[in-house]
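Trainee: Next comes the structure file run-v7.txt, holding compact mmCIF, C-alpha atoms.
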# COMPACT_ATOMS: atom_id res chain seq x y z
CA MET A 1 21.54 14.25 -45.45
CA SER A 2 22.60 15.65 -48.81
CA PRO A 3 25.51 18.08 -48.97
CA PRO A 4 24.58 21.78 -49.11
CA SER A 5 24.05 23.15 -52.58
CA ALA A 6 26.17 25.95 -54.05
CA MET A 7 23.34 28.35 -53.25
CA GLU A 8 23.31 27.30 -49.60
CA GLN A 9 27.09 27.44 -49.29
CA ASN A 10 27.43 30.85 -50.86
CA PRO A 11 24.32 32.62 -52.11
CA GLY A 12 26.42 35.49 -53.54
CA LYS A 13 28.38 33.13 -55.77
CA ALA A 14 25.32 31.20 -56.79
CA GLN A 15 23.85 34.41 -58.19
CA ASP A 16 26.64 34.21 -60.79
CA GLN A 17 28.58 37.14 -59.30
CA LYS A 18 25.67 39.49 -59.94
CA ILE A 19 25.31 42.64 -57.88
CA TYR A 20 22.07 43.21 -55.99
CA LEU A 21 21.26 46.67 -57.34
CA HIS A 22 17.54 47.20 -56.87
CA PRO A 23 16.05 46.30 -53.45
CA LEU A 24 12.45 45.09 -53.32
CA PRO A 25 10.87 48.40 -52.12
CA VAL A 26 12.53 50.21 -55.04
CA ARG A 27 11.27 47.65 -57.53
CA ILE A 28 7.73 47.81 -56.15
CA TRP A 29 7.83 51.60 -56.22
CA HIS A 30 9.24 51.61 -59.77
CA TRP A 31 6.61 49.39 -61.35
CA VAL A 32 3.69 50.91 -59.43
CA ASN A 33 4.97 54.32 -60.49
CA ALA A 34 5.32 53.20 -64.12
CA ALA A 35 1.77 51.82 -64.20
CA GLY A 36 0.43 54.88 -62.36
CA PHE A 37 2.08 57.37 -64.70
CA LEU A 38 0.96 55.47 -67.80
CA LEU A 39 -2.63 55.60 -66.54
CA LEU A 40 -2.23 59.28 -65.62
CA ILE A 41 -0.92 60.04 -69.11
CA LEU A 42 -3.78 58.07 -70.67
CA THR A 43 -6.51 59.71 -68.60
CA GLY A 44 -4.73 63.06 -68.97
CA PHE A 45 -4.88 62.73 -72.75
CA GLN A 46 -8.58 61.92 -72.48
CA LEU A 47 -9.18 64.99 -70.31
CA ARG A 48 -7.22 67.34 -72.55
CA TYR A 49 -8.30 66.03 -75.95
CA VAL A 50 -11.94 65.15 -75.36
CA ASP A 51 -12.74 65.44 -79.07
CA LEU A 52 -9.87 63.27 -80.24
CA PHE A 53 -10.22 60.30 -77.88
CA SER A 54 -13.24 58.48 -76.51
CA LEU A 55 -11.66 55.82 -74.31
CA MET A 56 -14.00 56.73 -71.44
CA SER A 57 -16.41 59.45 -70.44
CA PHE A 58 -14.99 62.77 -69.33
CA GLU A 59 -16.36 62.24 -65.82
CA THR A 60 -14.78 58.78 -65.53
CA ALA A 61 -11.47 60.20 -66.77
CA VAL A 62 -11.60 62.94 -64.11
CA HIS A 63 -12.30 60.48 -61.27
CA LEU A 64 -9.68 58.00 -62.44
CA HIS A 65 -7.09 60.74 -62.94
CA ASN A 66 -7.71 62.03 -59.40
CA TRP A 67 -7.59 58.66 -57.68
CA ILE A 68 -4.55 57.44 -59.57
CA GLY A 69 -2.93 60.79 -58.82
CA PHE A 70 -3.38 60.30 -55.08
CA PHE A 71 -2.08 56.75 -55.37
CA VAL A 72 1.03 57.92 -57.21
CA ILE A 73 1.59 60.66 -54.61
CA ALA A 74 1.43 58.03 -51.84
CA ASN A 75 3.84 55.90 -53.87
CA TRP A 76 6.27 58.85 -54.15
CA PHE A 77 6.34 59.02 -50.36
CA LEU A 78 7.22 55.31 -50.28
CA TRP A 79 10.22 56.13 -52.51
CA PHE A 80 11.09 59.21 -50.44
CA PHE A 81 11.02 57.52 -47.04
CA TYR A 82 12.72 54.38 -48.29
CA TYR A 83 15.72 56.34 -49.55
CA LEU A 84 15.69 58.74 -46.61
CA THR A 85 15.99 55.88 -44.14
CA SER A 86 18.18 53.42 -46.04
CA ASP A 87 21.89 53.31 -46.78
CA LYS A 88 20.98 53.48 -50.49
CA ILE A 89 20.33 57.22 -49.99
CA THR A 90 23.78 57.82 -51.53
CA ASN A 91 22.34 56.99 -54.95
CA TYR A 92 20.59 60.35 -54.94
CA HIS A 93 23.44 62.32 -53.43
CA PRO A 94 24.68 65.20 -55.55
CA ASP A 95 28.20 65.27 -56.91
CA LEU A 96 29.78 68.18 -55.09
CA ASN A 97 32.77 68.38 -57.42
CA ALA A 98 31.21 70.10 -60.46
CA ALA A 99 34.29 69.74 -62.68
CA SER A 100 34.48 65.99 -62.06
CA PHE A 101 30.71 65.66 -62.51
CA PHE A 102 30.64 67.39 -65.90
CA GLU A 103 33.72 65.52 -67.08
CA ARG A 104 32.02 62.18 -66.28
CA PHE A 105 28.69 63.45 -67.63
CA PHE A 106 30.19 64.16 -71.06
CA ARG A 107 32.18 60.93 -71.00
CA GLN A 108 28.90 59.10 -70.43
CA ALA A 109 27.23 61.12 -73.22
CA GLN A 110 30.13 60.22 -75.53
CA PHE A 111 29.61 56.56 -74.59
CA TYR A 112 25.90 56.68 -75.43
CA GLY A 113 26.53 58.60 -78.64
CA GLN A 114 29.56 56.70 -79.93
CA GLY A 115 31.31 54.30 -77.54
CA ILE A 116 28.37 51.94 -77.15
CA PHE A 117 28.31 51.30 -80.91
CA MET A 118 32.05 50.55 -80.88
CA GLY A 119 31.81 48.07 -78.02
CA GLN A 120 33.66 50.31 -75.56
CA LYS A 121 33.54 49.61 -71.82
CA ARG A 122 30.81 51.54 -70.04
CA PRO A 123 32.44 54.43 -68.21
CA HIS A 124 30.38 54.13 -65.03
CA ASP A 125 31.04 51.24 -62.67
CA VAL A 126 27.74 50.39 -60.97
CA HIS A 127 27.57 49.79 -57.25
CA PRO A 128 24.51 49.31 -55.00
CA SER A 129 25.21 52.64 -53.31
CA ASN A 130 26.14 54.41 -56.55
CA LYS A 131 24.14 52.77 -59.29
CA PHE A 132 23.36 55.79 -61.47
CA ASN A 133 25.78 57.17 -64.03
CA PRO A 134 26.05 61.01 -64.02
CA MET A 135 23.42 61.42 -66.78
CA GLN A 136 20.97 59.14 -64.99
CA LYS A 137 21.67 60.77 -61.65
CA LEU A 138 20.97 64.29 -62.90
CA THR A 139 17.83 63.14 -64.72
CA TYR A 140 16.43 61.22 -61.76
CA GLN A 141 17.27 63.97 -59.28
CA PHE A 142 15.46 66.43 -61.53
CA MET A 143 12.47 64.14 -62.06
CA MET A 144 12.03 62.89 -58.50
CA PHE A 145 12.81 66.09 -56.59
CA ILE A 146 11.52 68.76 -58.97
CA THR A 147 9.25 67.55 -61.79
CA VAL A 148 7.24 65.01 -59.79
CA PRO A 149 6.53 67.31 -56.79
CA ILE A 150 5.59 70.20 -59.13
CA THR A 151 3.21 67.87 -60.98
CA PHE A 152 1.65 66.72 -57.71
CA ILE A 153 1.24 70.23 -56.32
CA SER A 154 -0.21 71.65 -59.55
CA GLY A 155 -2.49 68.60 -59.81
CA LEU A 156 -3.71 69.03 -56.24
CA MET A 157 -4.40 72.71 -56.88
CA MET A 158 -6.59 71.84 -59.86
CA TRP A 159 -8.27 68.98 -58.00
CA ASP A 160 -9.84 71.41 -55.49
CA VAL A 161 -9.68 74.91 -56.90
CA GLU A 162 -11.68 76.44 -54.04
CA ARG A 163 -9.58 74.95 -51.28
CA PHE A 164 -6.34 76.08 -52.93
CA SER A 165 -7.68 79.40 -54.29
CA ALA A 166 -5.22 81.50 -52.28
CA LEU A 167 -2.26 79.47 -53.51
CA ILE A 168 -3.57 79.53 -57.09
CA GLU A 169 -3.85 83.32 -56.93
CA LEU A 170 -0.36 83.54 -55.48
CA VAL A 171 1.19 81.71 -58.44
CA GLY A 172 -0.70 83.74 -61.06
CA GLY A 173 -4.07 82.05 -61.54
CA ILE A 174 -5.50 78.75 -62.71
CA ARG A 175 -4.16 79.14 -66.28
CA VAL A 176 -0.63 79.30 -64.95
CA VAL A 177 -1.20 76.20 -62.81
CA ASN A 178 -2.78 74.38 -65.75
CA THR A 179 0.10 75.33 -68.08
CA VAL A 180 2.69 74.14 -65.56
CA HIS A 181 0.80 70.83 -65.11
CA VAL A 182 0.65 70.31 -68.89
CA LEU A 183 4.35 71.16 -69.28
CA MET A 184 5.18 68.55 -66.66
CA PHE A 185 2.88 66.10 -68.45
CA ILE A 186 4.78 66.69 -71.72
CA MET A 187 8.06 66.19 -69.88
CA PHE A 188 6.82 62.90 -68.43
CA VAL A 189 5.74 61.58 -71.82
CA MET A 190 9.19 62.43 -73.21
CA PHE A 191 10.90 60.93 -70.16
CA MET A 192 8.99 57.67 -70.45
CA PHE A 193 9.96 57.20 -74.11
CA VAL A 194 13.63 57.99 -73.41
CA HIS A 195 13.61 55.86 -70.24
CA ALA A 196 12.12 52.86 -72.07
CA TYR A 197 14.70 53.25 -74.87
CA MET A 198 17.66 53.65 -72.51
CA GLY A 199 16.42 50.57 -70.66
CA MET A 200 17.27 48.59 -73.79
CA LEU A 201 20.94 49.67 -73.80
CA GLY A 202 22.14 46.91 -71.50
CA PRO A 203 24.24 43.88 -72.51
CA LYS A 204 21.01 42.56 -74.03
CA PRO A 205 17.93 44.66 -74.84
CA SER A 206 16.05 42.90 -72.04
CA SER A 207 18.86 43.05 -69.42
CA HIS A 208 17.87 46.23 -67.59
CA TYR A 209 14.20 45.22 -67.65
CA LYS A 210 15.11 41.90 -66.04
CA GLU A 211 17.20 43.76 -63.45
CA MET A 212 14.16 45.77 -62.43
CA ILE A 213 12.28 42.50 -61.85
CA THR A 214 14.93 40.35 -60.16
CA GLY A 215 16.91 43.16 -58.53
CA TYR A 216 20.22 41.70 -59.74
CA GLU A 217 22.47 43.37 -62.27
CA GLU A 218 22.79 41.30 -65.42
CA PRO A 219 26.44 40.39 -66.22
CA HIS A 220 28.30 42.66 -68.64
CA ASP A 221 30.92 41.29 -71.01
CA GLU A 222 33.66 43.42 -69.51
CA ASP A 223 32.88 42.44 -65.91
CA MET B 1 52.24 43.24 -32.90
CA ARG B 2 52.79 39.47 -33.06
CA ASN B 3 56.03 38.00 -34.41
CA ILE B 4 54.25 36.76 -37.54
CA PRO B 5 51.91 39.46 -38.86
CA GLN B 6 48.54 38.08 -39.93
CA VAL B 7 46.96 39.40 -43.11
CA LEU B 8 43.40 38.92 -44.33
CA VAL B 9 42.60 39.37 -48.03
CA ILE B 10 38.91 39.63 -48.92
CA ASP B 11 38.27 39.35 -52.65
CA ASP B 12 35.75 37.31 -54.62
CA ASP B 13 38.50 36.75 -57.19
CA ALA B 14 40.69 34.00 -55.70
CA VAL B 15 43.55 34.99 -58.01
CA VAL B 16 43.95 38.25 -56.10
CA GLY B 17 44.09 36.43 -52.76
CA HIS B 18 46.71 34.01 -54.11
CA SER B 19 48.81 36.93 -55.38
CA PHE B 20 48.89 38.40 -51.88
CA GLU B 21 49.63 34.99 -50.39
CA ARG B 22 52.52 34.37 -52.80
CA VAL B 23 54.13 37.76 -52.22
CA LEU B 24 53.56 38.17 -48.48
CA THR B 25 54.21 34.59 -47.35
CA GLU B 26 57.71 34.89 -48.79
CA LYS B 27 58.20 38.01 -46.68
CA GLY B 28 57.18 36.26 -43.47
CA TYR B 29 53.48 37.11 -43.24
CA GLU B 30 50.64 34.71 -42.63
CA VAL B 31 47.90 35.27 -45.22
CA ASP B 32 44.27 34.20 -44.94
CA MET B 33 41.84 34.54 -47.84
CA ALA B 34 38.09 35.16 -47.85
CA LEU B 35 36.01 35.05 -51.01
CA SER B 36 33.21 37.32 -49.80
CA GLY B 37 32.58 40.15 -47.38
CA GLU B 38 30.50 37.83 -45.17
CA GLU B 39 33.31 35.26 -44.98
CA GLY B 40 35.87 37.97 -44.23
CA LEU B 41 33.82 39.41 -41.39
CA LYS B 42 33.41 35.93 -39.91
CA ASP B 43 37.19 35.48 -40.04
CA MET B 44 37.55 38.82 -38.26
CA ASP B 45 35.46 37.45 -35.38
CA THR B 46 37.89 34.61 -34.75
CA THR B 47 41.27 36.12 -35.62
CA ASP B 48 42.92 39.37 -34.67
CA TYR B 49 44.44 40.42 -37.99
CA ASP B 50 47.22 42.96 -38.29
CA ILE B 51 45.96 44.23 -41.64
CA VAL B 52 42.95 43.63 -43.88
CA PHE B 53 42.79 44.05 -47.66
CA THR B 54 39.34 44.16 -49.20
CA ASP B 55 38.14 44.38 -52.78
CA ILE B 56 35.62 47.15 -53.34
CA LYS B 57 33.21 45.40 -55.72
CA MET B 58 31.92 42.09 -54.45
CA PRO B 59 28.58 40.33 -54.49
CA GLY B 60 26.73 40.51 -51.18
CA ILE B 61 28.49 42.78 -48.70
CA ASP B 62 30.74 45.06 -50.71
CA GLY B 63 34.17 46.34 -49.76
CA ILE B 64 32.95 49.68 -48.49
CA GLU B 65 30.58 48.01 -46.06
CA VAL B 66 33.29 45.55 -45.02
CA ALA B 67 35.66 48.46 -44.31
CA GLU B 68 32.92 50.28 -42.44
CA ARG B 69 32.15 47.27 -40.23
CA ILE B 70 35.80 46.55 -39.51
CA LYS B 71 36.49 50.20 -38.68
CA ALA B 72 33.46 50.26 -36.39
CA LYS B 73 34.54 47.11 -34.55
CA CYS B 74 38.33 47.42 -34.55
CA PRO B 75 39.25 50.99 -35.51
CA TRP B 76 42.94 50.21 -34.93
CA THR B 77 43.06 47.52 -37.64
CA PRO B 78 44.50 48.94 -40.87
CA VAL B 79 42.16 48.39 -43.83
CA VAL B 80 43.43 48.79 -47.38
CA VAL B 81 40.93 48.88 -50.22
CA ILE B 82 41.68 47.13 -53.51
CA THR B 83 40.11 49.09 -56.35
CA GLY B 84 39.73 48.79 -60.09
CA TYR B 85 38.95 50.99 -63.06
CA GLY B 86 36.59 53.94 -62.63
CA THR B 87 36.09 53.71 -58.88
CA GLU B 88 37.10 57.24 -57.88
CA GLU B 89 33.74 57.83 -56.23
CA ASN B 90 33.98 54.62 -54.25
CA GLU B 91 37.45 55.62 -53.18
CA ALA B 92 36.12 58.97 -52.01
CA ARG B 93 33.47 57.22 -49.95
CA ALA B 94 35.98 54.78 -48.53
CA SER B 95 38.26 57.68 -47.57
CA VAL B 96 35.45 59.14 -45.49
CA LEU B 97 35.34 55.87 -43.54
CA GLY B 98 39.00 56.29 -42.65
CA VAL B 99 40.53 53.42 -44.60
CA ASN B 100 44.31 53.33 -44.51
CA GLY B 101 45.08 53.12 -48.17
CA PHE B 102 44.16 52.06 -51.66
CA VAL B 103 45.83 49.70 -54.04
CA ARG B 104 44.76 49.66 -57.66
CA LYS B 105 44.48 46.61 -59.88
CA PRO B 106 46.43 45.28 -61.73
CA LEU B 107 48.60 44.46 -58.73
CA THR B 108 52.34 43.95 -58.81
CA PRO B 109 54.42 42.24 -56.07
CA GLU B 110 56.10 45.57 -55.32
CA MET B 111 52.74 47.29 -54.85
CA ILE B 112 51.50 44.56 -52.50
CA GLU B 113 54.63 44.68 -50.38
CA SER B 114 54.94 48.45 -50.20
CA VAL B 115 51.27 49.09 -49.35
CA THR B 116 51.39 46.41 -46.64
CA LEU B 117 54.53 47.86 -45.06
CA LYS B 118 53.16 51.41 -45.26
CA ALA B 119 49.80 50.57 -43.69
CA LEU B 120 51.41 48.47 -40.94
CA SER B 121 54.08 51.02 -40.06
CA GLU B 122 51.50 53.79 -39.79
CA HIS B 123 49.33 51.77 -37.41
CA GLU B 124 51.66 49.99 -35.07
CA GLU B 125 51.28 52.48 -32.22
CA PRO B 126 47.56 52.28 -31.34
CA GLN B 127 47.69 48.51 -30.60
CA PRO B 128 46.25 47.98 -27.09
CA ALA B 129 48.49 45.87 -24.83
CA ALA B 130 46.98 45.57 -21.36
CA ASN B 131 43.47 44.48 -20.35
CA GLU B 132 42.54 47.93 -19.05
CA GLU B 133 43.63 49.48 -22.27
CA VAL B 134 41.56 46.95 -24.22
CA ILE B 135 38.41 47.83 -22.22
CA LEU B 136 39.11 51.54 -22.66
CA ALA B 137 39.68 51.13 -26.38
CA GLU B 138 36.49 49.09 -26.76
CA THR B 139 34.43 51.74 -24.94
CA GLU B 140 35.96 54.45 -27.06
CA ALA B 141 35.28 52.40 -30.18
CA VAL B 142 31.58 52.03 -29.27
CA GLU B 143 31.27 55.78 -28.59
CA PHE B 144 33.18 56.60 -31.75
CA LYS B 145 30.94 54.24 -33.72
CA GLY B 146 27.79 55.91 -32.38
CA TRP B 147 29.00 59.42 -33.15
CA ARG B 148 30.25 58.47 -36.55
CA LYS B 149 26.97 56.77 -37.41
CA ALA B 150 24.95 59.82 -36.31
CA LEU B 151 27.21 62.14 -38.30
CA ARG B 152 26.99 59.93 -41.37
CA ILE B 153 23.18 59.83 -41.21
CA ALA B 154 23.00 63.62 -40.77
CA ARG B 155 25.37 64.14 -43.69
CA ASN B 156 23.43 61.69 -45.89
CA ILE B 157 20.12 63.41 -45.20
CA ALA B 158 21.59 66.89 -45.74
CA LEU B 159 23.02 65.81 -49.10
CA PHE B 160 19.70 64.18 -50.04
CA PHE B 161 17.85 67.45 -49.45
CA ALA B 162 20.58 69.46 -51.18
CA ALA B 163 20.33 67.24 -54.29
CA PRO B 164 17.51 69.14 -56.10
CA PHE B 165 19.22 72.51 -55.69
CA ILE B 166 22.58 71.24 -56.91
CA ALA B 167 20.89 69.30 -59.75
CA LEU B 168 19.07 72.46 -60.83
CA SER B 169 22.28 74.49 -60.81
CA TYR B 170 24.01 71.79 -62.90
CA ILE B 171 21.11 71.74 -65.37
CA ILE B 172 21.31 75.54 -65.73
CA ALA B 173 25.09 75.33 -66.20
CA LEU B 174 24.89 72.36 -68.58
CA PRO B 175 24.43 74.29 -71.89
CA ILE B 176 27.33 76.63 -71.07
CA VAL B 177 29.63 73.79 -69.96
CA GLY B 178 28.51 71.73 -72.97
CA PHE B 179 29.28 74.55 -75.40
CA TYR B 180 32.68 75.10 -73.77
CA THR B 181 33.49 71.36 -73.91
CA PHE B 182 32.56 71.04 -77.59
CA ALA B 183 34.41 74.25 -78.48
CA LYS B 184 37.49 72.96 -76.64
CA LEU B 185 37.31 69.60 -78.43
CA ALA B 186 36.88 71.36 -81.79
CA VAL B 187 39.89 73.62 -81.18
CA GLU B 188 42.00 70.63 -80.10
CA ALA B 189 40.97 68.67 -83.21
CA TRP B 190 41.71 71.67 -85.43
CA GLN B 191 45.14 72.15 -83.83
CA LYS B 192 45.90 68.45 -84.24
CA LYS B 193 44.90 68.55 -87.90
CA ARG B 194 46.99 71.67 -88.44
CA ALA B 195 50.02 70.07 -86.78
CA VAL B 196 49.70 66.98 -89.02
CA SER B 197 49.39 69.03 -92.21
Can I see the file as structure tokens?
Mentor:
Amino acid sequence: MSPPSAMEQNPGKAQDQKIYLHPLPVRIWHWVNAAGFLLLILTGFQLRYVDLFSLMSFETAVHLHNWIGFFVIANWFLWFFYYLTSDKITNYHPDLNAASFFERFFRQAQFYGQGIFMGQKRPHDVHPSNKFNPMQKLTYQFMMFITVPITFISGLMMWDVERFSALIELVGGIRVVNTVHVLMFIMFVMFMFVHAYMGMLGPKPSSHYKEMITGYEEPHDED
Amino acid sequence: MRNIPQVLVIDDDAVVGHSFERVLTEKGYEVDMALSGEEGLKDMDTTDYDIVFTDIKMPGIDGIEVAERIKAKCPWTPVVVITGYGTEENEARASVLGVNGFVRKPLTPEMIESVTLKALSEHEEPQPAANEEVILAETEAVEFKGWRKALRIARNIALFFAAPFIALSYIIALPIVGFYTFAKLAVEAWQKKRAVS
């Protein structure tokens, strides 16, 4: 019998001291969400700018937008229940010390604006239960707990206007709901561009993308 | 406590373990090293250590989880967490678990010795001696573990649901805090320039 390989003896070491940051359910949710939102943005553009684009018929765009919307809502619940029931829930915990939070937030902003170009050490030390830096944490909390649910609710209200007529009236009418949905849509488009750009700010431009496929943090020079 | 205190050092960096071994062996301790959380927990199953040092950032089971498991199984065993740069949040989380101290890298022989003595002296009393006491302590440990787990889950869920409200308040406060921070930096830079000239 051959002696056990390095991987068999110590899988942690064999992964070249990498940290397992993104568990499989999170990676599945992330990429399904990314594909879903891209398709929602695409079909949303087609719905809103009928005269400018002719990727598909208006009717097809409506059906696709609705079905993908439901799929993305179901996917959000996968994210929600995964974090609610796992020990990784701490990643979305708020920082209760506001002074410390803002101090680290601006230190991180300074790193992105200046330090990163000067080869400074990243100020946030990633950990599986605390993987987001303060800027990421605030952004993701805002997106996942506020923007995404508002988009879903406003989308559902427009999907069946009759069924949700009372709620629509309560919030000020269909134009209000539509405006809110479009504002969220604009926010998502902006988020996706920024998110894709920030994803390139790892040790190598492809590092963070690889991390979201393998689950393991790519090694940093300073580590 | 035994005549020769037994120390376990869990760190994926062997240099750290050797530092502890060099310093503490000279002082009459017996030092075992583990290069991962998994290995350390296995060692805990076979040996009754007087004190455990664990690094916070390790591949596989990290130091916080190691401390949590040790505290759940043997709450009387002192656990000291070895931390590095920028790990204040991890330290805060480890404190919640009831670890007995922190020691920051880079380590000096004086730091190793003093933190070991401090953690040991603070935890000599709760050592169970008789069989009845052991059974009692084990029962209490299981109950304590259950309560602590339930409390931790409740706290985690409460914080999860509080996140959007706190995030929103931070977002609202962000422009004001940002303006204040930049104004403060500008004043400091101006004062520095004035002092130089």
Trainee: For chain A against chain B, which residues fall within 7 Å using all atoms listed in the file, given as a PyMOL selection string?
Mentor: chain A and resi 12+17-19+84+89-90+92-94+123-125+138+141-142+145-146
Trainee: Kindly give the distance, in Å, that separates atom CA of B:Pro75 and atom CA of A:Asp95, rounded to a single decimal.
Mentor: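 Answer for the atom CA of B:Pro75 to atom CA of A:Asp95 separation: 28.0 Å.
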Trainee: What does the structure give for the distance between atom CA of B:Ala183 and atom CA of A:Tyr112, in Å to one decimal?
Mentor: 19.8 Å
Trainee: Contacts of A:Ile73 at 7 Å or less, counting all atoms listed in the file, minus same-chain residues fewer than 4 places along, as a VMD selection string?
Mentor: chain A and resid 69 77 152
Trainee: At a cut-off of 12 Å from (4.3, 52.5, -70.2) in the coordinates of the file, what residues are picked up using only C-alpha atoms, written as a ChimeraX atom specification?
Mentor: /A:30-42,188-197
Trainee: Go ahead and compute the interatomic distance for atom CA of B:Lys73 and atom CA of B:Tyr29, in Å to one decimal.
Mentor: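 Computing it gives 23.1 Å between the two atoms.
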Trainee: Compare B:Arg22, B:Lys184, B:Lys71, B:Arg104 by their minimum atom-to-atom distance to B:Thr83, counting all atoms listed in the file, and give me the closest one.
Mentor: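 The shortest atom-to-atom distance to B:Thr83 comes from B:Arg104.
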Trainee: Taking into account all atoms listed in the file, which residue in the set A:Met135, A:Leu24, A:Met143, A:Val62 is nearest to A:Trp76?
Mentor: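 For A:Trp76, the nearest of the candidates is A:Met143.
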Trainee: How would you write as a PyMOL selection string the residues that get within 12 Å of (48.3, 54.8, -47.8) in the file's frame, counting all atoms listed in the file?
Mentor: chain B and resi 78-82+95+98-104+111-112+114-123
Trainee: As a VMD selection string, please: the residues near B:Glu26 (cut-off 12 Å, all atoms listed in the file, same-chain neighbours under 5 positions excluded).
Mentor: chain B and resid 4 19 to 21 31 109 113
Trainee: Which residue gives the smallest distance to B:Arg69 among B:Ala92, B:Gly28, B:Leu185, B:Arg148, with all atoms listed in the file counted?
Mentor: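 The shortest atom-to-atom distance to B:Arg69 comes from B:Arg148.
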